[in-house]
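Engineer: Contents of data_12.tsv (TSV, C-alpha atoms) are given next:
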chain	number	residue	atom	x	y	z
A	9	MET	CA	0.00	0.00	0.00
A	10	ALA	CA	2.69	2.41	1.10
A	11	ALA	CA	4.82	1.33	-1.83
A	12	VAL	CA	2.11	2.07	-4.37
A	13	LEU	CA	1.31	5.35	-2.69
A	14	GLY	CA	4.97	6.31	-2.66
A	15	LEU	CA	5.37	5.43	-6.31
A	16	ILE	CA	2.41	7.55	-7.24
A	17	ILE	CA	3.66	10.46	-5.15
A	18	GLY	CA	7.12	10.22	-6.72
A	19	ILE	CA	5.73	10.08	-10.26
A	20	VAL	CA	3.48	13.05	-9.60
A	21	ILE	CA	6.36	15.05	-8.17
A	22	GLY	CA	8.50	14.09	-11.15
A	23	ILE	CA	5.81	15.17	-13.57
A	24	PHE	CA	5.16	18.50	-11.91
A	25	LEU	CA	8.71	19.48	-11.08
A	26	GLN	CA	10.43	18.33	-14.26
A	27	PRO	CA	13.86	19.03	-12.87
A	28	ASP	CA	16.97	19.16	-14.99
A	29	ILE	CA	19.34	16.65	-13.54
A	30	PRO	CA	23.01	17.56	-13.61
A	31	ILE	CA	24.96	16.30	-16.58
A	32	VAL	CA	27.37	14.43	-14.32
A	33	LEU	CA	24.50	12.29	-13.12
A	34	GLN	CA	23.10	11.74	-16.60
A	35	PRO	CA	24.53	8.32	-17.47
A	36	TYR	CA	23.76	6.94	-14.02
A	37	LEU	CA	20.12	7.78	-13.57
A	38	PRO	CA	18.66	5.01	-15.76
A	39	ILE	CA	20.88	2.48	-14.01
A	40	MET	CA	19.76	3.85	-10.66
A	41	VAL	CA	16.14	3.55	-11.63
A	42	VAL	CA	16.53	-0.04	-12.76
A	43	ALA	CA	18.48	-0.96	-9.64
A	44	ALA	CA	15.84	0.60	-7.44
A	45	LEU	CA	13.17	-1.27	-9.34
A	46	ASP	CA	15.05	-4.48	-8.68
A	47	ALA	CA	15.27	-3.68	-4.97
A	48	LEU	CA	11.57	-2.90	-4.87
A	49	LEU	CA	10.66	-6.18	-6.52
A	50	GLY	CA	12.99	-8.04	-4.17
A	51	ALA	CA	11.18	-6.40	-1.28
A	52	ALA	CA	7.84	-7.42	-2.74
A	53	ARG	CA	9.07	-10.97	-3.01
A	54	ALA	CA	10.28	-10.91	0.60
A	55	TYR	CA	6.92	-9.52	1.63
A	56	PHE	CA	5.17	-12.45	0.02
A	57	GLU	CA	7.62	-14.83	1.64
A	58	ARG	CA	6.83	-13.16	4.99
A	59	SER	CA	10.46	-12.32	5.53
A	60	PHE	CA	10.24	-8.62	4.75
A	61	SER	CA	12.42	-6.43	6.87
A	62	ASP	CA	12.51	-2.70	6.48
A	63	LYS	CA	16.18	-2.51	7.38
A	64	VAL	CA	17.08	-5.06	4.74
A	65	PHE	CA	14.93	-3.26	2.22
A	66	VAL	CA	16.53	0.11	2.81
A	67	ILE	CA	20.01	-1.33	2.77
A	68	SER	CA	19.39	-3.37	-0.37
A	69	PHE	CA	17.81	-0.38	-2.08
A	70	PHE	CA	20.76	1.87	-1.47
A	71	SER	CA	23.40	-0.81	-1.98
A	72	ASN	CA	21.81	-1.79	-5.27
A	73	VAL	CA	21.71	1.76	-6.50
A	74	ILE	CA	25.19	2.62	-5.31
A	75	THR	CA	26.75	-0.59	-6.64
A	76	ALA	CA	25.18	-0.13	-10.04
A	77	THR	CA	26.26	3.49	-10.18
A	78	LEU	CA	29.77	2.66	-9.09
A	79	LEU	CA	30.05	-0.07	-11.67
A	80	VAL	CA	29.00	2.26	-14.43
A	81	PHE	CA	31.26	4.96	-13.08
A	82	LEU	CA	34.16	2.51	-13.12
A	83	GLY	CA	33.25	1.53	-16.67
A	84	ASN	CA	33.25	5.18	-17.71
A	85	GLN	CA	36.71	5.63	-16.19
A	86	LEU	CA	37.98	2.58	-18.04
A	87	GLY	CA	36.28	3.51	-21.31
A	88	VAL	CA	33.82	0.62	-21.31
A	89	GLY	CA	30.95	2.57	-19.78
A	90	SER	CA	28.33	1.61	-22.31
A	91	GLN	CA	29.27	-2.07	-22.16
A	92	LEU	CA	29.16	-2.12	-18.39
A	93	THR	CA	25.84	-0.27	-18.48
A	94	THR	CA	24.53	-3.04	-20.69
A	95	ALA	CA	25.96	-5.67	-18.36
A	96	VAL	CA	24.35	-4.09	-15.31
A	97	ILE	CA	21.04	-3.71	-17.10
A	98	VAL	CA	21.14	-7.34	-18.20
A	99	VAL	CA	21.92	-8.63	-14.72
A	100	LEU	CA	19.27	-6.46	-13.10
A	101	GLY	CA	16.80	-7.48	-15.76
A	102	ILE	CA	17.42	-11.14	-15.02
A	103	ARG	CA	16.96	-10.49	-11.32
A	104	ILE	CA	13.77	-8.59	-11.96
A	105	PHE	CA	12.45	-11.47	-14.00
A	106	SER	CA	13.30	-14.04	-11.33
A	107	ASN	CA	11.73	-11.86	-8.62
A	108	VAL	CA	8.60	-11.40	-10.66
A	109	SER	CA	8.33	-15.13	-11.29
A	110	ALA	CA	8.74	-15.82	-7.55
A	111	ILE	CA	5.99	-13.31	-6.77
A	112	ARG	CA	3.82	-14.87	-9.41
A	113	ARG	CA	4.33	-18.27	-7.84
A	114	PHE	CA	3.25	-16.89	-4.53
A	115	ILE	CA	0.16	-15.27	-5.93
A	116	PHE	CA	-1.01	-18.14	-8.14
A	117	ARG	CA	0.51	-21.01	-6.13
A	118	GLY	CA	1.54	-22.56	-9.32
B	241	MET	CA	-7.45	20.17	59.54
B	242	ALA	CA	-10.57	21.96	58.68
B	243	ALA	CA	-11.11	19.67	55.68
B	244	GLU	CA	-10.64	16.53	57.77
B	245	HIS	CA	-12.95	17.83	60.27
B	246	ASP	CA	-15.36	18.60	57.57
B	247	SER	CA	-15.12	15.09	56.16
B	248	GLN	CA	-15.52	13.58	59.53
B	249	ASN	CA	-18.61	15.62	59.86
B	250	ARG	CA	-19.76	14.25	56.55
B	251	ASP	CA	-18.81	10.70	57.57
B	252	SER	CA	-20.88	10.92	60.62
B	253	LYS	CA	-23.72	11.83	58.40
B	254	ASN	CA	-23.19	9.16	55.74
B	255	PRO	CA	-22.15	5.66	56.81
B	256	GLN	CA	-21.08	4.72	53.24
B	257	ASN	CA	-18.66	7.59	53.13
B	258	ALA	CA	-17.35	6.59	56.47
B	259	MET	CA	-16.63	3.11	55.22
B	260	ARG	CA	-14.78	4.42	52.15
B	261	HIS	CA	-12.70	6.60	54.38
B	262	GLN	CA	-11.86	3.64	56.59
B	263	HIS	CA	-10.74	1.69	53.54
B	264	ARG	CA	-8.39	4.42	52.45
B	265	ARG	CA	-6.89	4.54	55.85
B	266	ASP	CA	-6.59	0.77	55.98
B	267	ARG	CA	-4.65	0.72	52.74
B	268	VAL	CA	-2.06	3.01	54.20
B	269	ASN	CA	-1.94	1.28	57.51
B	270	ASP	CA	-1.87	-2.30	56.22
B	271	ARG	CA	1.20	-1.90	53.99
B	272	THR	CA	3.39	-4.96	53.98
B	273	GLU	CA	6.48	-3.32	52.55
B	274	THR	CA	9.27	-3.73	54.90
B	275	GLY	CA	12.06	-2.63	52.63
B	276	SER	CA	13.79	-5.96	52.98
B	277	PHE	CA	12.07	-7.49	49.94
B	278	PRO	CA	13.04	-6.44	46.42
B	279	VAL	CA	10.40	-4.48	44.69
B	280	ILE	CA	9.20	-6.38	41.63
B	281	ARG	CA	8.35	-3.98	38.92
B	282	ARG	CA	5.10	-4.48	37.22
B	283	LYS	CA	5.10	-5.95	33.78
B	284	PRO	CA	4.62	-3.17	31.28
B	285	PRO	CA	1.10	-3.20	30.03
B	286	LEU	CA	0.38	-4.79	26.70
B	287	SER	CA	-0.70	-1.53	25.13
B	288	ASP	CA	2.86	-0.22	25.37
B	289	LEU	CA	4.16	-3.04	23.20
B	290	ASN	CA	1.40	-2.47	20.72
B	291	ARG	CA	2.34	1.18	20.48
B	292	ASN	CA	5.91	0.22	19.73
B	293	ALA	CA	4.83	-2.11	16.94
B	294	THR	CA	2.59	0.51	15.44
B	295	ARG	CA	5.40	3.01	15.47
B	296	SER	CA	7.80	0.66	13.75
B	297	ARG	CA	5.14	-0.19	11.22
B	298	ILE	CA	4.62	3.46	10.48
B	299	VAL	CA	8.33	4.00	10.13
B	300	THR	CA	8.55	1.08	7.72
B	301	SER	CA	5.68	2.37	5.68
B	302	VAL	CA	7.19	5.82	5.51
B	303	LEU	CA	10.53	4.41	4.49
B	304	VAL	CA	9.00	2.23	1.81
B	305	MET	CA	6.95	5.14	0.59
B	306	LEU	CA	9.97	7.39	0.52
B	307	LEU	CA	12.08	4.96	-1.42
B	308	CYS	CA	9.27	4.22	-3.83
B	309	ALA	CA	8.75	7.93	-4.28
B	310	LEU	CA	12.45	8.23	-5.02
B	311	LEU	CA	12.15	5.50	-7.61
B	312	GLY	CA	9.10	7.05	-9.24
B	313	PHE	CA	10.73	10.44	-9.22
B	314	GLY	CA	13.90	9.11	-10.80
B	315	TYR	CA	11.87	7.26	-13.39
B	316	MET	CA	9.91	10.33	-14.39
B	317	VAL	CA	13.03	12.50	-14.51
B	318	GLN	CA	14.80	9.98	-16.66
B	319	MET	CA	11.81	9.74	-18.97
B	320	HIS	CA	11.64	13.48	-19.26
B	321	ASN	CA	15.35	13.60	-19.92
B	322	THR	CA	15.45	11.04	-22.68
B	323	GLN	CA	12.94	13.14	-24.58
B	324	SER	CA	15.37	16.05	-24.94
B	325	SER	CA	18.43	14.13	-25.89
B	326	TYR	CA	21.05	16.23	-27.65
B	327	GLU	CA	21.28	19.09	-25.15
B	328	SER	CA	22.19	16.84	-22.30
B	329	MET	CA	24.73	14.68	-24.11
B	330	THR	CA	28.34	14.78	-23.10
B	331	GLU	CA	30.94	16.08	-25.49
B	332	ASP	CA	32.30	12.60	-25.94
B	333	GLU	CA	28.93	11.19	-26.87
B	334	LEU	CA	28.26	14.04	-29.26
B	335	ARG	CA	31.59	13.51	-30.94
B	336	ARG	CA	30.90	9.81	-31.30
B	337	LEU	CA	27.45	10.53	-32.68
B	338	PHE	CA	28.94	12.97	-35.16
B	339	THR	CA	31.53	10.46	-36.32
B	340	GLU	CA	28.91	7.80	-36.68
B	341	THR	CA	26.65	10.09	-38.66
B	342	SER	CA	29.41	11.23	-41.00
B	343	ALA	CA	30.49	7.64	-41.53
B	344	GLN	CA	26.91	6.78	-42.35
B	345	VAL	CA	26.71	9.72	-44.77
B	346	SER	CA	29.85	8.65	-46.60
B	347	LYS	CA	28.56	5.11	-46.75
B	348	LEU	CA	25.30	6.33	-48.19
B	349	GLU	CA	27.17	8.48	-50.74
B	350	GLU	CA	29.12	5.43	-51.79
B	351	ARG	CA	25.95	3.47	-52.14
B	352	LYS	CA	24.43	6.28	-54.18
B	353	THR	CA	27.29	6.33	-56.69
B	354	GLU	CA	27.10	2.56	-56.88
B	355	LEU	CA	23.41	2.72	-57.60
B	356	ILE	CA	23.87	5.46	-60.19
B	357	ALA	CA	26.46	3.34	-61.97
B	358	GLN	CA	24.08	0.43	-61.85
B	359	LEU	CA	21.28	2.59	-63.21
B	360	ASN	CA	23.48	3.77	-66.08
B	361	SER	CA	24.50	0.26	-66.98
B	362	ILE	CA	20.89	-0.83	-66.87
B	363	LYS	CA	19.92	2.09	-69.11
B	364	ALA	CA	22.68	1.18	-71.56
B	365	ALA	CA	21.52	-2.40	-71.48
B	366	ALA	CA	17.98	-1.26	-72.14
B	367	ASP	CA	19.18	0.77	-75.13
B	368	LYS	CA	21.09	-2.21	-76.40
B	369	GLN	CA	18.07	-4.38	-75.90
B	370	GLU	CA	15.93	-1.90	-77.80
B	371	GLN	CA	18.40	-2.01	-80.68
B	372	ALA	CA	18.46	-5.76	-80.55
B	373	ARG	CA	14.68	-5.74	-80.60
B	374	LEU	CA	14.66	-3.52	-83.74
B	375	ILE	CA	17.16	-5.78	-85.46
B	376	ALA	CA	15.15	-8.79	-84.47
B	377	GLN	CA	12.04	-7.18	-85.88
B	378	GLN	CA	13.80	-6.45	-89.16
B	379	ASN	CA	15.19	-9.95	-89.25
B	380	GLU	CA	11.80	-11.33	-88.53
B	381	GLN	CA	10.30	-9.38	-91.44
B	382	THR	CA	13.05	-10.39	-93.81
B	383	SER	CA	13.05	-14.00	-92.84
B	384	GLY	CA	9.28	-14.00	-92.70
B	385	ILE	CA	9.10	-12.90	-96.31
B	386	LEU	CA	11.88	-15.28	-97.24
B	387	SER	CA	10.32	-18.28	-95.56
B	388	GLY	CA	6.81	-17.46	-96.71
B	389	ARG	CA	5.47	-16.66	-93.30
B	390	LEU	CA	4.43	-13.09	-94.20
B	391	PRO	CA	2.52	-11.74	-97.20
B	392	ALA	CA	4.56	-9.53	-99.51
B	393	LYS	CA	4.09	-6.95	-102.22
B	394	GLY	CA	6.31	-5.01	-104.58
B	395	LYS	CA	7.47	-4.67	-108.14
B	396	GLY	CA	7.47	-7.87	-110.13
B	397	VAL	CA	5.85	-9.89	-112.86
B	398	THR	CA	2.74	-11.95	-113.27
B	399	ILE	CA	3.17	-14.89	-115.64
B	400	SER	CA	0.15	-16.59	-117.06
B	401	ILE	CA	0.62	-19.99	-118.70
B	402	GLY	CA	-2.20	-21.49	-120.70
B	403	GLU	CA	-1.86	-25.22	-121.08
B	404	ASN	CA	-2.47	-27.00	-124.35
B	405	ALA	CA	-4.84	-29.84	-123.56
B	406	ASN	CA	-2.95	-32.21	-125.89
B	407	HIS	CA	0.40	-31.54	-124.35
B	408	PRO	CA	0.24	-31.41	-120.60
B	409	ILE	CA	3.12	-29.48	-119.17
B	410	ASP	CA	5.81	-31.45	-117.44
B	411	ALA	CA	6.18	-30.81	-113.74
B	412	ALA	CA	9.93	-30.64	-114.18
B	413	THR	CA	9.54	-27.81	-116.66
B	414	MET	CA	7.33	-25.94	-114.26
B	415	PHE	CA	9.92	-26.40	-111.58
B	416	HIS	CA	12.51	-25.22	-114.05
B	417	LEU	CA	10.46	-22.07	-114.53
B	418	ILE	CA	10.53	-21.40	-110.82
B	419	GLU	CA	14.25	-22.03	-110.73
B	420	GLU	CA	14.74	-19.57	-113.54
B	421	LEU	CA	12.77	-16.95	-111.65
B	422	ARG	CA	14.90	-17.54	-108.59
B	423	ASN	CA	18.06	-17.21	-110.60
B	424	ALA	CA	16.77	-13.94	-111.91
B	425	GLY	CA	16.55	-12.68	-108.36
B	426	ALA	CA	12.90	-13.20	-107.55
B	427	GLU	CA	12.43	-12.66	-103.85
B	428	VAL	CA	8.92	-14.02	-103.46
B	429	ILE	CA	7.23	-16.47	-105.78
B	430	GLU	CA	3.69	-17.74	-105.86
B	431	PHE	CA	2.63	-20.63	-108.03
B	432	GLY	CA	-1.09	-20.85	-108.69
B	433	GLY	CA	-1.99	-19.47	-105.30
B	434	VAL	CA	0.63	-21.53	-103.47
B	435	ARG	CA	3.54	-19.74	-101.88
B	436	VAL	CA	6.80	-21.16	-103.13
B	437	ILE	CA	9.27	-21.89	-100.37
B	438	THR	CA	12.48	-23.88	-100.14
B	439	SER	CA	10.71	-27.20	-99.76
B	440	THR	CA	8.10	-26.65	-102.47
B	441	SER	CA	7.60	-29.55	-104.85
B	442	ILE	CA	5.57	-29.87	-108.04
B	443	ARG	CA	4.33	-33.07	-109.50
B	444	ARG	CA	1.78	-34.14	-112.08
B	445	SER	CA	-1.44	-35.82	-111.07
B	446	GLY	CA	-3.74	-36.64	-113.96
B	447	ASP	CA	-4.75	-33.52	-115.80
B	448	ASP	CA	-3.54	-31.17	-113.10
B	449	LEU	CA	-0.36	-30.23	-111.37
B	450	VAL	CA	-0.05	-30.67	-107.66
B	451	CYS	CA	2.01	-28.08	-105.87
B	452	ASP	CA	2.61	-28.91	-102.22
B	453	ASP	CA	-0.53	-31.04	-101.97
B	454	GLN	CA	-2.68	-28.38	-103.60
B	455	ILE	CA	-4.18	-29.00	-106.99
B	456	VAL	CA	-3.37	-26.29	-109.47
B	457	SER	CA	-5.03	-26.30	-112.87
B	458	SER	CA	-4.60	-24.36	-116.09
B	459	PRO	CA	-4.13	-21.51	-116.61
B	460	TYR	CA	-1.21	-21.43	-114.26
B	461	ILE	CA	-0.60	-18.01	-112.74
B	462	VAL	CA	2.91	-17.49	-111.44
B	463	LYS	CA	3.64	-14.31	-109.51
B	464	ALA	CA	7.15	-13.20	-108.70
B	465	ILE	CA	8.46	-10.13	-106.90
B	466	GLY	CA	11.81	-8.86	-108.06
B	467	ASP	CA	13.27	-6.67	-110.78
B	468	PRO	CA	10.48	-6.86	-113.45
B	469	SER	CA	12.66	-6.54	-116.52
B	470	THR	CA	15.19	-9.11	-115.33
B	471	LEU	CA	12.40	-11.52	-114.50
B	472	GLN	CA	10.76	-11.00	-117.83
B	473	SER	CA	13.96	-11.51	-119.74
B	474	ALA	CA	14.65	-14.67	-117.71
B	475	ILE	CA	11.42	-16.11	-119.04
B	476	ASP	CA	11.46	-14.70	-122.54
B	477	ILE	CA	15.12	-15.28	-123.30
B	478	ALA	CA	15.73	-17.33	-126.43
B	479	GLY	CA	16.11	-21.01	-125.54
B	480	GLY	CA	14.83	-20.29	-122.06
B	481	VAL	CA	11.98	-21.84	-120.17
B	482	GLY	CA	9.44	-19.62	-121.92
B	483	SER	CA	10.35	-20.88	-125.34
B	484	THR	CA	10.45	-24.45	-124.04
B	485	LEU	CA	6.90	-24.10	-122.83
B	486	LYS	CA	5.79	-22.57	-126.09
B	487	LEU	CA	7.60	-24.94	-128.39
B	488	ASP	CA	7.60	-28.25	-126.55
B	489	PHE	CA	4.20	-28.05	-124.92
B	490	GLY	CA	2.35	-25.59	-127.18
B	491	ALA	CA	1.40	-23.49	-124.21
B	492	THR	CA	0.70	-19.78	-124.21
B	493	VAL	CA	2.99	-17.73	-122.02
B	494	SER	CA	2.33	-14.11	-121.23
B	495	VAL	CA	4.51	-12.07	-118.89
B	496	GLN	CA	3.12	-8.88	-117.41
B	497	GLN	CA	5.32	-6.42	-115.61
B	498	SER	CA	3.71	-4.63	-112.71
B	499	ASP	CA	4.69	-2.08	-110.08
B	500	GLU	CA	2.45	-3.66	-107.51
B	501	VAL	CA	2.40	-7.44	-107.34
B	502	LEU	CA	0.60	-8.62	-104.24
B	503	ILE	CA	1.36	-12.08	-102.91
B	504	SER	CA	-0.98	-12.74	-100.05
B	505	SER	CA	-0.66	-16.50	-99.65
B	506	VAL	CA	1.45	-17.55	-96.68
B	507	ARG	CA	2.88	-20.76	-95.30
B	508	GLN	CA	3.37	-21.89	-91.76
B	509	LEU	CA	6.63	-23.70	-91.26
B	510	PRO	CA	7.08	-26.17	-88.45
B	511	PRO	CA	9.95	-25.29	-86.14
B	512	ASN	CA	13.26	-26.89	-86.94
B	513	LYS	CA	13.63	-30.25	-85.32
B	514	TYR	CA	17.31	-30.93	-85.95
B	515	ALA	CA	18.89	-27.78	-87.21
B	516	LYS	CA	20.11	-25.38	-84.59
B	517	THR	CA	21.66	-21.97	-84.95
B	518	VAL	CA	25.38	-21.63	-84.41
B	519	GLU	CA	26.23	-19.09	-81.75
Please rewrite the model in this file as structure tokens.
Structural biologist:
Amino acid sequence: MAAVLGLIIGIVIGIFLQPDIPIVLQPYLPIMVVAALDALLGAARAYFERSFSDKVFVISFFSNVITATLLVFLGNQLGVGSQLTTAVIVVLGIRIFSNVSAIRRFIFRG
Amino acid sequence: MAAEHDSQNRDSKNPQNAMRHQHRRDRVNDRTETGSFPVIRRKPPLSDLNRNATRSRIVTSVLVMLLCALLGFGYMVQMHNTQSSYESMTEDELRRLFTETSAQVSKLEERKTELIAQLNSIKAAADKQEQARLIAQQNEQTSGILSGRLPAKGKGVTISIGENANHPIDAATMFHLIEELRNAGAEVIEFGGVRVITSTSIRRSGDDLVCDDQIVSSPYIVKAIGDPSTLQSAIDIAGGVGSTLKLDFGATVSVQQSDEVLISSVRQLPPNKYAKTVE
């Protein structure tokens, strides 16, 4: 409930504020968003498994985001930024899929 | 003191009040605390624990909401940002994009020249084909006239041969006449309504001549297209086929020159079964 509410609030704020993010942050924001999405889905899965813990959620959220950003940052320093971005996106995408399938199993018991 | 006195006054009036007062006093007087026993603190009431849980739940909800809001916010910002792409690109990215675009342009230019060359070659081929088609058409006309596939007209002669009933004309002589016309340069020959081609044969059958399975009877009309005077002299020359016909067979031979001899009979030739053209 809170998650959905928060999402809606964030989207509304994003729509109405339309801020210009600094150029330095530009290549990292999509990665951050995907990492956060992964953390959110992991939390949803934990919630369904009745092992949700707010501490773990917060820590995983930030560690996900920071790790992804750092990886891409490292890639940019080494000149393989776009490749590492792809790698991170692929890995997070796989995790998102596995989380979603776990949630689906919990909902449909199949 | 005045209050106590007052209450005592009231107690004396109301026995229930007096009893309550006694109770209060008893509670103070009957205390068992001696100070030698440890004081056991009361268990905190259950409501306190509940309050704690509620608080933690609220904190969790707020945290989740905050993080989700962060995610939604980031998502919307990113979406808004991808819409206006070029302004926010780094110099490096712009340079790469520029290089890519110019490479693409040069590639497209290359492709364009290639295609133009192809177009030119195709045009040339089309011209050549058109020429070939014209030549083929000409060839077709020429060979059509030659092989008897097309009707023809032009300057030439019309020869009329009246047969003497007592002396039927020899087929060989008739064939000789045709040969003579050919030698004189006749391009198209018709014998009694039958187009003469390379395989034409003439034979006698009773009173009539048979030319390529068609019965031809007297008077025999032979049409030939070619130089009229040459053709006429080929027939009328002394000792030629004309005199043979007249003298040997008693036939009448008349040669008429004409500027417009029309030969409308045609022949359909079967395609060659064995002979093939040499490339």
Engineer: As a list of chain:residue names, could you give me every residue of chain B near chain A (at most 9 Å apart, counting only C-alpha atoms)?
Structural biologist: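 Here they are: B:Val299, B:Thr300, B:Ser301, B:Val302, B:Leu303, B:Val304, B:Met305, B:Leu306, B:Leu307, B:Cys308, B:Ala309, B:Leu310, B:Leu311, B:Gly312, B:Phe313, B:Gly314, B:Tyr315, B:Met316, B:Val317, B:Gln318, B:Met319, B:His320, B:Asn321, B:Ser328, B:Met329, B:Thr330.
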Engineer: For CA of Phe431 in chain B and CA of Thr470 in chain B, determine how far apart the two atoms are, in Å to one decimal place.
Structural biologist: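 Computing the Euclidean distance for CA of Phe431 in chain B and CA of Thr470 in chain B yields 18.5 Å.
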Engineer: Quick one: pull the distance between CA of Gln496 in chain B and CA of Ala474 in chain B, Å, one decimal.
Structural biologist: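 So the two atoms, CA of Gln496 in chain B and CA of Ala474 in chain B, lie 12.9 Å apart.
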Engineer: Using all atoms listed in the file, can you tell me which of B:Ile429, B:Ile455, B:Val518, B:Ile465 comes closest to Glu500 in chain B?
Structural biologist: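 Among B:Ile429, B:Ile455, B:Val518, B:Ile465, it is B:Ile465 that comes nearest to Glu500 in chain B.
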Engineer: Using Å and a single decimal, report how far CA of Gln497 in chain B sits from CA of Val450 in chain B.
Structural biologist: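 The value is 26.1 Å.
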Engineer: Any idea what's packed within 12 Å of Val98 in chain A, counting all atoms listed in the file, ignoring anything in its chain fewer than 4 positions away? Could you give it as a list in words?
Structural biologist: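 In the requested format, the answer is Ile39, Val42, Ala43, Asp46, Ala76, Gln91, Leu92, Thr93, Thr94, Ile102, Arg103, Ile104 and Phe105 of chain A.
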Engineer: Of the candidates B:Arg281, B:Arg443, B:Glu519, B:Gly432, which one gets nearest to Ile401 in chain B if we count all atoms listed in the file?
Structural biologist: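 Smallest separation from Ile401 in chain B among the options: B:Gly432.
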Engineer: What lies within 12 Å of Val506 in chain B using all atoms listed in the file, ignoring chain neighbours under 2 positions off, as a list in words?
Structural biologist: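 Returned residues: Gly384, Ile385, Leu386, Ser387, Gly388, Arg389, Leu390, Pro391, Ala392, Val428, Ile429, Glu430, Phe431, Gly433, Val434, Arg435, Val436, Ile437, Leu502, Ile503, Ser504, Gln508 and Leu509 of chain B.
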Engineer: If we count only C-alpha atoms and set the cut-off at 8 Å, which residues sit around range 107-113 of chain A, ignoring sequence neighbours fewer than 2 positions away in its own chain? Please answer as a PyMOL selection string.
Structural biologist: chain A and resi 49-50+52-53+56+103-105+115-118
